[in-house]
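In what follows, a structure is listed as structure tokens, so that the remarks can point back to it.
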Amino acid sequence: MFKYEVLHTCKQTGARVGKLTTPHGEIITPVYMPVGTNAGVKGLTPEQVKAAGAQIVLSNTYHLYLRPGSDIVERAGGLHKFMNWNKPILTDSGGFQVFSLSSMRKVTDDGVKFSSYYDGSAHYLTPEAAIKVEEQLGADIIMAFDECTAAGTNYRKSVGAMQRTLSWLERCVKAHTREDQMLFPIVQGNLFEDLRVESVKATAPFARCGMAIGGLSVGEPKEVMYKMLDVIRPYYPQNQPIYLMGVGSPDCIVEGVLRGIDMFDCVLATRMARNGAAFTRRGNITVRNGAYKEDFTPVEEGCDCYCCQNYTRAYVRHMLNVGEIGGGQLLSIHNIRHLTRLTEDIRAAIMEDRFGDFVENFRKGYDWKVKG
RNA sequence: GCCCCUAUAGCUCAGUCGGUAGAGCAUGCGGCUGUUAACCGCAGUGUCAUAGGUUCGAGUCCUAUUGGGGGCG
């Protein structure tokens with residue numbers, strides 16, 4: 001039911017193009033996966049997400065467990081039917097929320113006690129409970145329940161979180177019953193090279209068709225993240241897709257693929273869009289800025305997305321400016337398409353054994369933030 | 001005609017017992033990486049309607065004028 005095959009390995013860089021088969025279709029990697037936390041990519045319909053080139057979307061166990069309740073999603077016929085998305089879906093386990101909503105939780109070896117972010121009600125999530133919720137939701141790929149730590153967490157706590165993640169992984173594997181879902185284990189270890197190596201070595205044996213790298217892009221400099229990827233790369237399970245969780249700015253995707261990553265997800269594209277900024281191949285532009293008031297060119301020249309094909313920067317800025325949701329919507333379409341197009345270009349370069357040149361050119365032409 | 005209210009940032013308005021002014025919105029800019037985020041942060045600007053008066057000192061008290069709003073005839 002699940003299969004991953006490497007279609008081509010770049011002779012210049014060792015980066016690869018692959019095909020991951022799931023019950024809801026194939027995914028060509030490297031892939032960028034838009035995030036639809038609450039069973040919907042913010043601001044967009046599934047049709048728009050599809051049109052932007054998405055092959056798979058993420059959704060979130062934690063959020064759907066709280067609202068509307070995973071039992072309701074199950075009774076609705078599962079997540080695919082509920083959100084009208086017939087392509088592959090990946091659900092995050094809630095491990096990241098345990099981390100990002102840390103002010104209202106208590107972690108023990110058994111599980112996590114937390115209060116709901118919207119009504120304060122008390123809840124208790126364990127690896128078994130998280131897996132059960134993910135089975136009710138019914139995504140194609142489900143994530144193990146892990147403990148993520150922030151950049152700057154000390155060694156002792158990082159060891160604890162890494163070990164807890166491993167013991168939780170064993171419990172997740174044991175609790176997982178649905179054959180039509182692939183469980184991805186997650187590597188932790190914070191920013192300590194030895195812990196990362198220890199974690200990847202212990203985690204890889206649990207990977208059947210895919211493994212994830214968690215706990216990166218949590219506040220550390222990009223160079224540190226790249227270094228961590230270099231350190232663990234030799235220990236990846238063979239012929240399985242590797243998923244770098246939560247990462248997805250254009251530059252991080254390029255650098256990630258160069259370091260053996262096949263799958264990315266990120267809220268940045270849609271969040272930055274709603275906040276008025278657009279990805280371009282040269283870097284990010286803040287479309288809401290006054291400089292674009294009378295700029296009647298597309299957000300990105302040469303982009304084939306619905307936004308760039310039909311609207312100008314001046315119009316998008318106006319929409320943002322007057323508070324119309326259309327502005328964030330158009331930019332979300334653009335930013336998602338920008339990343340799917342970027343991965344398409346990356347794949348083409350890999351297929352033609354010129355990804356090294358591609359990376360060089362990309363780095364030369366890219367700044368995080370640009371004007372015009 | 002008489003009476004009352006009002007005039008402070010681009011807009012809407014605070015401003016204590018007299019001690020040379022602030023919020024929100026708007027504007028400008030910055031940030032955003034397994035979404036508690038259509039969010040968060042920073043910044044700028046004022047002949048305090050005008051002219052007098054009282055006072056050491058007036059956005060604040062007094063007088064007049066002008067603009068705006070309302071009431072009674």
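In the structure tokens, chains take letters A, B, ... by order of appearance, with residues numbered from 1 within each chain and ligands from 1 in the order shown.
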
Please check the contacts: residues of chain B at most 12 Å away from chain A, using only C-alpha atoms (C1' of nucleotides), listed as number ranges by chain. B: 26-40

Give me the residues within 12 Å of B:A14 as a PDB file with N, CA, C and O atoms (P, O5', C5', C4', C3', O3' and C1' of nucleotides), in the first residue's frame, counting only C-alpha atoms (C1' of nucleotides) and dropping any in the same chain fewer than 3 places off.
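The result, written out as part-v5.pdb:
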```pdb
ATOM      1  P     U B   8     -10.569  69.775  17.548  1.00  0.00           P
ATOM      2  O5'   U B   8      -9.426  69.801  18.646  1.00  0.00           O
ATOM      3  C5'   U B   8      -8.326  70.687  18.532  1.00  0.00           C
ATOM      4  C4'   U B   8      -7.122  70.108  19.227  1.00  0.00           C
ATOM      5  C3'   U B   8      -6.771  68.694  18.796  1.00  0.00           C
ATOM      6  O3'   U B   8      -6.015  68.686  17.601  1.00  0.00           O
ATOM      7  C1'   U B   8      -6.806  68.798  21.152  1.00  0.00           C
ATOM      8  P     A B  21       3.759  68.678  27.116  1.00  0.00           P
ATOM      9  O5'   A B  21       3.137  67.358  27.717  1.00  0.00           O
ATOM     10  C5'   A B  21       2.938  66.230  26.886  1.00  0.00           C
ATOM     11  C4'   A B  21       1.480  65.837  26.969  1.00  0.00           C
ATOM     12  C3'   A B  21       1.084  64.772  25.958  1.00  0.00           C
ATOM     13  O3'   A B  21       1.207  63.496  26.565  1.00  0.00           O
ATOM     14  C1'   A B  21      -0.399  66.599  25.825  1.00  0.00           C
ATOM     15  P     G B  22       2.557  62.640  26.415  1.00  0.00           P
ATOM     16  O5'   G B  22       1.972  61.171  26.325  1.00  0.00           O
ATOM     17  C5'   G B  22       1.354  60.730  25.167  1.00  0.00           C
ATOM     18  C4'   G B  22      -0.006  60.179  25.519  1.00  0.00           C
ATOM     19  C3'   G B  22      -0.641  59.390  24.379  1.00  0.00           C
ATOM     20  O3'   G B  22      -0.060  58.129  24.130  1.00  0.00           O
ATOM     21  C1'   G B  22      -2.224  60.875  25.222  1.00  0.00           C
ATOM     22  P     A B  23      -0.021  56.869  25.178  1.00  0.00           P
ATOM     23  O5'   A B  23      -1.494  56.298  24.998  1.00  0.00           O
ATOM     24  C5'   A B  23      -1.859  55.716  23.776  1.00  0.00           C
ATOM     25  C4'   A B  23      -3.311  55.327  23.873  1.00  0.00           C
ATOM     26  C3'   A B  23      -3.802  54.675  22.597  1.00  0.00           C
ATOM     27  O3'   A B  23      -3.558  53.292  22.630  1.00  0.00           O
ATOM     28  C1'   A B  23      -5.265  56.449  23.196  1.00  0.00           C
ATOM     29  P     G B  24      -3.071  52.540  21.342  1.00  0.00           P
ATOM     30  O5'   G B  24      -4.432  52.394  20.535  1.00  0.00           O
ATOM     31  C5'   G B  24      -5.526  51.651  21.080  1.00  0.00           C
ATOM     32  C4'   G B  24      -6.764  51.912  20.262  1.00  0.00           C
ATOM     33  C3'   G B  24      -6.567  51.809  18.757  1.00  0.00           C
ATOM     34  O3'   G B  24      -6.661  50.476  18.302  1.00  0.00           O
ATOM     35  C1'   G B  24      -7.710  53.812  19.270  1.00  0.00           C
ATOM     36  P     G B  59      -1.575  75.718  27.642  1.00  0.00           P
ATOM     37  O5'   G B  59      -2.663  74.799  26.945  1.00  0.00           O
ATOM     38  C5'   G B  59      -3.555  75.356  25.968  1.00  0.00           C
ATOM     39  C4'   G B  59      -4.828  74.549  25.898  1.00  0.00           C
ATOM     40  C3'   G B  59      -5.750  74.707  27.099  1.00  0.00           C
ATOM     41  O3'   G B  59      -6.626  75.786  26.923  1.00  0.00           O
ATOM     42  C1'   G B  59      -5.414  72.407  26.644  1.00  0.00           C
TER      43        G B  59
END
```

All strand (DSSP E) residues (DSSP, backbone) inside stretch 133-265 of chain A, as a list in words: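 Taking stretch 133-265 of chain A and keeping strand (DSSP E) only, one gets Ile141, Ile142, Met143, Met182, Leu183, Phe184, Ile186, Val187, Met211, Ala212, Ile213, Ile242, Tyr243, Leu244, Met263, Phe264 and Asp265 of chain A.
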
Restricted to N, CA, C and O atoms, what would the selected residues look like written as a compact mmCIF listing (two decimals), in the first residue's frame?
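Writing done, so here's result32.txt:
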```txt
# COMPACT_ATOMS: atom_id res chain seq x y z
N ILE A 141 -0.49 9.60 6.08
CA ILE A 141 0.74 9.57 6.86
C ILE A 141 0.45 10.16 8.22
O ILE A 141 -0.17 11.24 8.32
N ILE A 142 0.83 9.47 9.27
CA ILE A 142 0.61 9.99 10.61
C ILE A 142 1.95 10.08 11.33
O ILE A 142 2.86 9.29 11.09
N MET A 143 2.05 11.07 12.20
CA MET A 143 3.31 11.32 12.89
C MET A 143 3.30 10.74 14.29
O MET A 143 2.27 10.75 14.97
N MET A 182 0.68 5.24 7.21
CA MET A 182 2.11 5.07 7.48
C MET A 182 2.52 5.94 8.66
O MET A 182 2.26 7.14 8.67
N LEU A 183 3.12 5.31 9.64
CA LEU A 183 3.58 6.04 10.82
C LEU A 183 5.03 6.49 10.63
O LEU A 183 5.92 5.65 10.43
N PHE A 184 5.24 7.78 10.68
CA PHE A 184 6.60 8.34 10.57
C PHE A 184 7.17 8.57 11.97
O PHE A 184 6.58 9.33 12.74
N ILE A 186 10.02 10.25 14.52
CA ILE A 186 10.62 11.59 14.49
C ILE A 186 11.94 11.63 15.25
O ILE A 186 12.02 11.19 16.41
N VAL A 187 12.96 12.14 14.58
CA VAL A 187 14.28 12.31 15.20
C VAL A 187 14.29 13.61 16.00
O VAL A 187 13.83 14.64 15.52
N MET A 211 10.70 8.81 7.41
CA MET A 211 11.13 9.23 8.74
C MET A 211 11.21 10.75 8.76
O MET A 211 11.50 11.37 7.74
N ALA A 212 10.95 11.31 9.94
CA ALA A 212 10.94 12.77 10.03
C ALA A 212 12.04 13.29 10.94
O ALA A 212 12.48 12.61 11.86
N ILE A 213 12.47 14.51 10.62
CA ILE A 213 13.40 15.23 11.48
C ILE A 213 12.61 16.34 12.16
O ILE A 213 12.06 17.21 11.48
N ILE A 242 12.66 11.29 3.57
CA ILE A 242 12.99 11.98 4.82
C ILE A 242 12.26 13.31 4.84
O ILE A 242 12.29 14.09 3.88
N TYR A 243 11.59 13.55 5.96
CA TYR A 243 10.70 14.71 6.09
C TYR A 243 11.26 15.66 7.15
O TYR A 243 11.41 15.28 8.30
N LEU A 244 11.56 16.87 6.72
CA LEU A 244 12.05 17.90 7.65
C LEU A 244 10.86 18.73 8.13
O LEU A 244 10.31 19.54 7.38
N MET A 263 10.84 15.81 1.98
CA MET A 263 9.52 16.37 2.27
C MET A 263 9.64 17.57 3.21
O MET A 263 10.44 17.54 4.15
N PHE A 264 8.83 18.58 2.94
CA PHE A 264 8.81 19.79 3.76
C PHE A 264 7.37 20.21 4.01
O PHE A 264 6.50 20.00 3.17
N ASP A 265 7.15 20.82 5.17
CA ASP A 265 5.86 21.47 5.39
C ASP A 265 6.17 22.77 6.09
O ASP A 265 7.18 22.89 6.78
```

Long-range neighbours of A:His334 as a PyMOL selection string, 9 Å cut-off, only C-alpha atoms (C1' of nucleotides), 2 positions minimum in chain: chain A and resi 52+269+273+278-279+299-300+303-308+329-332+336-339

Go ahead and save the residues from that selection, with N, CA, C and O atoms, as a PDB file, in the first residue's frame.
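Final output, out.pdb:
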```
ATOM      1  N   ALA A  52      -2.807  25.293  -6.898  1.00  0.00           N
ATOM      2  CA  ALA A  52      -1.500  25.877  -6.582  1.00  0.00           C
ATOM      3  C   ALA A  52      -0.398  24.821  -6.632  1.00  0.00           C
ATOM      4  O   ALA A  52       0.761  25.117  -6.351  1.00  0.00           O
ATOM      5  N   ALA A 269       4.460  30.082   4.314  1.00  0.00           N
ATOM      6  CA  ALA A 269       3.897  30.546   3.046  1.00  0.00           C
ATOM      7  C   ALA A 269       2.532  31.205   3.263  1.00  0.00           C
ATOM      8  O   ALA A 269       2.292  32.318   2.785  1.00  0.00           O
ATOM      9  N   ALA A 273       1.710  35.262   3.785  1.00  0.00           N
ATOM     10  CA  ALA A 273       0.745  35.769   2.807  1.00  0.00           C
ATOM     11  C   ALA A 273      -0.339  36.588   3.498  1.00  0.00           C
ATOM     12  O   ALA A 273      -0.614  37.715   3.105  1.00  0.00           O
ATOM     13  N   ALA A 278       5.234  38.273   0.135  1.00  0.00           N
ATOM     14  CA  ALA A 278       5.252  37.276  -0.932  1.00  0.00           C
ATOM     15  C   ALA A 278       6.653  36.727  -1.159  1.00  0.00           C
ATOM     16  O   ALA A 278       7.636  37.466  -1.111  1.00  0.00           O
ATOM     17  N   PHE A 279       6.720  35.430  -1.413  1.00  0.00           N
ATOM     18  CA  PHE A 279       7.973  34.815  -1.845  1.00  0.00           C
ATOM     19  C   PHE A 279       8.232  35.200  -3.290  1.00  0.00           C
ATOM     20  O   PHE A 279       7.298  35.236  -4.103  1.00  0.00           O
ATOM     21  N   VAL A 299       2.755  40.067  -8.831  1.00  0.00           N
ATOM     22  CA  VAL A 299       3.540  39.872  -7.611  1.00  0.00           C
ATOM     23  C   VAL A 299       4.920  39.332  -7.983  1.00  0.00           C
ATOM     24  O   VAL A 299       5.936  39.826  -7.509  1.00  0.00           O
ATOM     25  N   GLU A 300       4.932  38.326  -8.840  1.00  0.00           N
ATOM     26  CA  GLU A 300       6.215  37.823  -9.325  1.00  0.00           C
ATOM     27  C   GLU A 300       6.142  37.604 -10.828  1.00  0.00           C
ATOM     28  O   GLU A 300       5.342  36.802 -11.318  1.00  0.00           O
ATOM     29  N   CYS A 303       5.519  34.118 -12.881  1.00  0.00           N
ATOM     30  CA  CYS A 303       4.842  33.096 -12.071  1.00  0.00           C
ATOM     31  C   CYS A 303       3.529  32.708 -12.748  1.00  0.00           C
ATOM     32  O   CYS A 303       2.812  33.565 -13.266  1.00  0.00           O
ATOM     33  N   ASP A 304       3.212  31.429 -12.710  1.00  0.00           N
ATOM     34  CA  ASP A 304       2.010  30.961 -13.397  1.00  0.00           C
ATOM     35  C   ASP A 304       0.805  30.824 -12.466  1.00  0.00           C
ATOM     36  O   ASP A 304      -0.203  30.245 -12.842  1.00  0.00           O
ATOM     37  N   CYS A 305       0.904  31.360 -11.254  1.00  0.00           N
ATOM     38  CA  CYS A 305      -0.202  31.174 -10.302  1.00  0.00           C
ATOM     39  C   CYS A 305      -1.394  32.073 -10.643  1.00  0.00           C
ATOM     40  O   CYS A 305      -1.269  33.055 -11.381  1.00  0.00           O
ATOM     41  N   TYR A 306      -2.521  31.738 -10.067  1.00  0.00           N
ATOM     42  CA  TYR A 306      -3.766  32.474 -10.313  1.00  0.00           C
ATOM     43  C   TYR A 306      -3.616  33.948  -9.962  1.00  0.00           C
ATOM     44  O   TYR A 306      -4.117  34.825 -10.664  1.00  0.00           O
ATOM     45  N   CYS A 307      -2.909  34.229  -8.875  1.00  0.00           N
ATOM     46  CA  CYS A 307      -2.709  35.613  -8.447  1.00  0.00           C
ATOM     47  C   CYS A 307      -1.893  36.382  -9.471  1.00  0.00           C
ATOM     48  O   CYS A 307      -2.292  37.459  -9.926  1.00  0.00           O
ATOM     49  N   CYS A 308      -0.750  35.836  -9.840  1.00  0.00           N
ATOM     50  CA  CYS A 308       0.146  36.551 -10.762  1.00  0.00           C
ATOM     51  C   CYS A 308      -0.423  36.643 -12.182  1.00  0.00           C
ATOM     52  O   CYS A 308      -0.113  37.570 -12.921  1.00  0.00           O
ATOM     53  N   GLN A 329      -5.620  35.856   0.609  1.00  0.00           N
ATOM     54  CA  GLN A 329      -5.968  34.670  -0.160  1.00  0.00           C
ATOM     55  C   GLN A 329      -5.127  34.593  -1.436  1.00  0.00           C
ATOM     56  O   GLN A 329      -4.521  33.557  -1.732  1.00  0.00           O
ATOM     57  N   LEU A 330      -5.063  35.686  -2.157  1.00  0.00           N
ATOM     58  CA  LEU A 330      -4.275  35.706  -3.398  1.00  0.00           C
ATOM     59  C   LEU A 330      -2.801  35.445  -3.110  1.00  0.00           C
ATOM     60  O   LEU A 330      -2.135  34.701  -3.827  1.00  0.00           O
ATOM     61  N   LEU A 331      -2.285  36.061  -2.045  1.00  0.00           N
ATOM     62  CA  LEU A 331      -0.875  35.852  -1.725  1.00  0.00           C
ATOM     63  C   LEU A 331      -0.627  34.425  -1.230  1.00  0.00           C
ATOM     64  O   LEU A 331       0.446  33.865  -1.462  1.00  0.00           O
ATOM     65  N   SER A 332      -1.606  33.830  -0.556  1.00  0.00           N
ATOM     66  CA  SER A 332      -1.460  32.432  -0.132  1.00  0.00           C
ATOM     67  C   SER A 332      -1.336  31.533  -1.357  1.00  0.00           C
ATOM     68  O   SER A 332      -0.502  30.626  -1.403  1.00  0.00           O
ATOM     69  N   ILE A 336       2.127  29.457  -1.985  1.00  0.00           N
ATOM     70  CA  ILE A 336       2.102  27.998  -2.106  1.00  0.00           C
ATOM     71  C   ILE A 336       2.603  27.590  -3.485  1.00  0.00           C
ATOM     72  O   ILE A 336       3.445  26.699  -3.624  1.00  0.00           O
ATOM     73  N   ARG A 337       2.093  28.282  -4.489  1.00  0.00           N
ATOM     74  CA  ARG A 337       2.532  27.951  -5.846  1.00  0.00           C
ATOM     75  C   ARG A 337       4.030  28.213  -6.008  1.00  0.00           C
ATOM     76  O   ARG A 337       4.728  27.460  -6.682  1.00  0.00           O
ATOM     77  N   HIS A 338       4.515  29.258  -5.359  1.00  0.00           N
ATOM     78  CA  HIS A 338       5.945  29.553  -5.453  1.00  0.00           C
ATOM     79  C   HIS A 338       6.761  28.362  -4.952  1.00  0.00           C
ATOM     80  O   HIS A 338       7.756  27.972  -5.580  1.00  0.00           O
ATOM     81  N   LEU A 339       6.332  27.784  -3.859  1.00  0.00           N
ATOM     82  CA  LEU A 339       7.089  26.665  -3.290  1.00  0.00           C
ATOM     83  C   LEU A 339       6.894  25.380  -4.092  1.00  0.00           C
ATOM     84  O   LEU A 339       7.841  24.606  -4.266  1.00  0.00           O
TER      85      LEU A 339
END
```

Please list as a ChimeraX atom specification every residue within 12 Å of B:U66, counting only C-alpha atoms (C1' of nucleotides) and excluding residues in the same chain fewer than 2 positions away. /B:7,49-51,64,68

Restricting the output to all heavy atoms, write the selected residues as a short mmCIF file (atom, residue, chain, number, x, y, z; two decimals), in the first residue's frame.
```
data_model
loop_
_atom_site.label_atom_id
_atom_site.label_comp_id
_atom_site.auth_asym_id
_atom_site.auth_seq_id
_atom_site.Cartn_x
_atom_site.Cartn_y
_atom_site.Cartn_z
P A B 7 -14.29 70.38 23.05
OP1 A B 7 -13.45 69.23 23.44
OP2 A B 7 -14.35 71.58 23.90
"O5'" A B 7 -13.86 70.86 21.59
"C5'" A B 7 -13.84 69.93 20.50
"C4'" A B 7 -13.43 70.64 19.22
"O4'" A B 7 -14.29 71.80 19.05
"C3'" A B 7 -11.99 71.17 19.23
"O3'" A B 7 -11.44 71.06 17.91
"C2'" A B 7 -12.15 72.64 19.58
"O2'" A B 7 -11.16 73.47 19.01
"C1'" A B 7 -13.50 72.96 18.94
N9 A B 7 -14.21 74.07 19.60
C8 A B 7 -14.76 74.11 20.85
N7 A B 7 -15.32 75.25 21.15
C5 A B 7 -15.14 76.02 20.01
C6 A B 7 -15.51 77.33 19.69
N6 A B 7 -16.17 78.14 20.51
N1 A B 7 -15.16 77.80 18.46
C2 A B 7 -14.49 76.99 17.63
N3 A B 7 -14.10 75.73 17.82
C4 A B 7 -14.45 75.30 19.03
P A B 49 -8.07 74.66 20.67
OP1 A B 49 -7.98 75.59 21.81
OP2 A B 49 -9.24 73.78 20.55
"O5'" A B 49 -7.94 75.51 19.35
"C5'" A B 49 -7.73 74.88 18.09
"C4'" A B 49 -8.12 75.85 17.00
"O4'" A B 49 -9.57 75.89 16.91
"C3'" A B 49 -7.70 77.30 17.29
"O3'" A B 49 -6.39 77.54 16.85
"C2'" A B 49 -8.75 78.09 16.50
"O2'" A B 49 -8.43 78.12 15.12
"C1'" A B 49 -10.00 77.22 16.71
N9 A B 49 -10.78 77.62 17.87
C8 A B 49 -11.01 76.91 19.01
N7 A B 49 -11.77 77.51 19.89
C5 A B 49 -12.07 78.73 19.29
C6 A B 49 -12.83 79.82 19.72
N6 A B 49 -13.48 79.86 20.89
N1 A B 49 -12.92 80.88 18.89
C2 A B 49 -12.28 80.84 17.71
N3 A B 49 -11.52 79.85 17.20
C4 A B 49 -11.46 78.82 18.04
P U B 50 -5.41 78.51 17.73
OP1 U B 50 -4.05 78.43 17.14
OP2 U B 50 -5.62 78.26 19.18
"O5'" U B 50 -6.02 79.95 17.40
"C5'" U B 50 -6.02 80.45 16.07
"C4'" U B 50 -6.68 81.79 16.02
"O4'" U B 50 -8.11 81.64 16.30
"C3'" U B 50 -6.21 82.77 17.11
"O3'" U B 50 -5.01 83.41 16.74
"C2'" U B 50 -7.39 83.72 17.19
"O2'" U B 50 -7.41 84.64 16.12
"C1'" U B 50 -8.57 82.75 17.04
N1 U B 50 -9.08 82.28 18.33
C2 U B 50 -9.95 83.12 19.03
O2 U B 50 -10.26 84.23 18.62
N3 U B 50 -10.40 82.63 20.22
C4 U B 50 -10.10 81.40 20.78
O4 U B 50 -10.59 81.09 21.87
C5 U B 50 -9.20 80.59 20.01
C6 U B 50 -8.73 81.05 18.84
P A B 51 -3.98 83.88 17.90
OP1 A B 51 -2.75 84.37 17.21
OP2 A B 51 -3.88 82.84 18.95
"O5'" A B 51 -4.74 85.13 18.52
"C5'" A B 51 -5.06 86.25 17.70
"C4'" A B 51 -5.86 87.25 18.51
"O4'" A B 51 -7.18 86.74 18.80
"C3'" A B 51 -5.28 87.54 19.89
"O3'" A B 51 -4.20 88.45 19.82
"C2'" A B 51 -6.50 88.10 20.63
"O2'" A B 51 -6.75 89.44 20.27
"C1'" A B 51 -7.60 87.21 20.06
N9 A B 51 -7.89 86.07 20.92
C8 A B 51 -7.36 84.81 20.86
N7 A B 51 -7.81 83.99 21.78
C5 A B 51 -8.71 84.76 22.51
C6 A B 51 -9.52 84.50 23.61
N6 A B 51 -9.57 83.30 24.22
N1 A B 51 -10.29 85.49 24.10
C2 A B 51 -10.24 86.69 23.50
N3 A B 51 -9.51 87.07 22.45
C4 A B 51 -8.76 86.05 21.99
P A B 64 -18.68 87.12 26.64
OP1 A B 64 -20.02 87.76 26.70
OP2 A B 64 -18.56 85.66 26.72
"O5'" A B 64 -17.95 87.61 25.31
"C5'" A B 64 -17.89 89.00 24.98
"C4'" A B 64 -16.93 89.23 23.83
"O4'" A B 64 -15.61 88.77 24.23
"C3'" A B 64 -17.22 88.42 22.57
"O3'" A B 64 -18.23 89.03 21.77
"C2'" A B 64 -15.85 88.43 21.89
"O2'" A B 64 -15.60 89.67 21.26
"C1'" A B 64 -14.93 88.26 23.09
N9 A B 64 -14.60 86.84 23.33
C8 A B 64 -15.12 86.00 24.27
N7 A B 64 -14.61 84.78 24.24
C5 A B 64 -13.70 84.83 23.19
C6 A B 64 -12.83 83.88 22.64
N6 A B 64 -12.74 82.62 23.09
N1 A B 64 -12.06 84.27 21.61
C2 A B 64 -12.15 85.52 21.15
N3 A B 64 -12.93 86.51 21.59
C4 A B 64 -13.69 86.11 22.63
P G B 68 -20.63 76.67 10.36
OP1 G B 68 -21.08 76.28 9.02
OP2 G B 68 -21.37 77.71 11.11
"O5'" G B 68 -20.56 75.38 11.30
"C5'" G B 68 -19.97 74.18 10.79
"C4'" G B 68 -19.98 73.10 11.85
"O4'" G B 68 -19.21 73.55 13.01
"C3'" G B 68 -21.35 72.77 12.44
"O3'" G B 68 -22.13 71.93 11.61
"C2'" G B 68 -20.95 72.11 13.75
"O2'" G B 68 -20.50 70.79 13.56
"C1'" G B 68 -19.78 72.98 14.19
N9 G B 68 -20.24 74.08 15.06
C8 G B 68 -20.36 75.40 14.75
N7 G B 68 -20.82 76.12 15.76
C5 G B 68 -21.01 75.19 16.78
C6 G B 68 -21.48 75.37 18.12
O6 G B 68 -21.84 76.41 18.68
N1 G B 68 -21.51 74.16 18.81
C2 G B 68 -21.14 72.95 18.28
N2 G B 68 -21.24 71.90 19.10
N3 G B 68 -20.69 72.77 17.05
C4 G B 68 -20.65 73.93 16.36
#
```

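Compared by their closest atoms to B:U45, and using only C-alpha atoms (C1' of nucleotides), the residues B:G73, B:G10, B:G19, B:G57 rank with B:G10 nearest.
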
Test item: residues at most 12 Å from B:C3, only C-alpha atoms (C1' of nucleotides), excluding those fewer than 4 positions along its chain, as a list of chain:residue names: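 Listing them by chain and then by number gives B:G70, B:G71, B:C72, B:G73.
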
Residue subset to file, keeping all heavy atoms, as a compact mmCIF listing (two decimals), in the first residue's frame:
```txt
# COMPACT_ATOMS: atom_id res chain seq x y z
P G B 70 -28.02 69.53 14.45
OP1 G B 70 -28.74 68.39 13.85
OP2 G B 70 -27.98 70.83 13.74
O5' G B 70 -28.58 69.79 15.92
C5' G B 70 -28.82 68.68 16.78
C4' G B 70 -29.11 69.15 18.18
O4' G B 70 -28.07 70.06 18.63
C3' G B 70 -30.38 69.97 18.39
O3' G B 70 -31.56 69.19 18.40
C2' G B 70 -30.09 70.61 19.74
O2' G B 70 -30.26 69.68 20.80
C1' G B 70 -28.61 70.95 19.61
N9 G B 70 -28.44 72.34 19.15
C8 G B 70 -28.06 72.78 17.91
N7 G B 70 -28.02 74.09 17.83
C5 G B 70 -28.39 74.54 19.09
C6 G B 70 -28.52 75.86 19.62
O6 G B 70 -28.33 76.93 19.04
N1 G B 70 -28.92 75.84 20.95
C2 G B 70 -29.16 74.70 21.69
N2 G B 70 -29.53 74.88 22.95
N3 G B 70 -29.04 73.46 21.21
C4 G B 70 -28.65 73.46 19.92
P G B 71 -32.94 69.90 18.04
OP1 G B 71 -33.94 68.81 17.91
OP2 G B 71 -32.75 70.85 16.93
O5' G B 71 -33.27 70.73 19.35
C5' G B 71 -33.50 70.06 20.59
C4' G B 71 -33.73 71.06 21.69
O4' G B 71 -32.56 71.91 21.81
C3' G B 71 -34.87 72.04 21.45
O3' G B 71 -36.12 71.50 21.76
C2' G B 71 -34.47 73.19 22.36
O2' G B 71 -34.77 72.90 23.73
C1' G B 71 -32.96 73.22 22.19
N9 G B 71 -32.54 74.15 21.13
C8 G B 71 -32.15 73.84 19.85
N7 G B 71 -31.85 74.91 19.14
C5 G B 71 -32.05 75.98 20.01
C6 G B 71 -31.88 77.36 19.82
O6 G B 71 -31.50 77.96 18.80
N1 G B 71 -32.21 78.08 20.97
C2 G B 71 -32.64 77.53 22.15
N2 G B 71 -32.91 78.37 23.14
N3 G B 71 -32.80 76.23 22.34
C4 G B 71 -32.48 75.52 21.25
P C B 72 -37.42 72.07 21.02
OP1 C B 72 -38.57 71.24 21.46
OP2 C B 72 -37.11 72.21 19.59
O5' C B 72 -37.59 73.53 21.65
C5' C B 72 -37.81 73.69 23.05
C4' C B 72 -37.88 75.16 23.38
O4' C B 72 -36.59 75.78 23.13
C3' C B 72 -38.83 75.97 22.53
O3' C B 72 -40.18 75.85 22.97
C2' C B 72 -38.28 77.39 22.69
O2' C B 72 -38.66 77.96 23.92
C1' C B 72 -36.77 77.12 22.70
N1 C B 72 -36.18 77.27 21.35
C2 C B 72 -35.77 78.54 20.94
O2 C B 72 -35.93 79.50 21.70
N3 C B 72 -35.22 78.68 19.69
C4 C B 72 -35.07 77.62 18.90
N4 C B 72 -34.52 77.81 17.71
C5 C B 72 -35.49 76.32 19.31
C6 C B 72 -36.03 76.19 20.53
P G B 73 -41.32 76.34 22.00
OP1 G B 73 -42.58 75.84 22.61
OP2 G B 73 -40.99 76.00 20.59
O5' G B 73 -41.28 77.91 22.20
C5' G B 73 -41.96 78.73 21.30
C4' G B 73 -41.28 80.08 21.18
O4' G B 73 -39.85 79.89 21.12
C3' G B 73 -41.64 80.86 19.92
O3' G B 73 -42.78 81.67 20.15
C2' G B 73 -40.39 81.64 19.61
O2' G B 73 -40.33 82.85 20.34
C1' G B 73 -39.29 80.68 20.08
N9 G B 73 -38.82 79.78 19.03
C8 G B 73 -39.05 78.43 18.95
N7 G B 73 -38.49 77.87 17.91
C5 G B 73 -37.86 78.92 17.26
C6 G B 73 -37.10 78.93 16.08
O6 G B 73 -36.81 77.98 15.35
N1 G B 73 -36.64 80.21 15.77
C2 G B 73 -36.90 81.32 16.51
N2 G B 73 -36.38 82.46 16.05
N3 G B 73 -37.61 81.34 17.63
C4 G B 73 -38.05 80.11 17.93
```

Between B:C42, B:U63, B:C5, B:A58, which is the closest to B:U20 once you count only C-alpha atoms (C1' of nucleotides)? B:A58

Top pick for closest residue to B:C11, considering B:C25, B:C48, B:A43, B:C62 and counting only C-alpha atoms (C1' of nucleotides):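 Residue with the minimum atom-to-atom distance to B:C11: B:C25.
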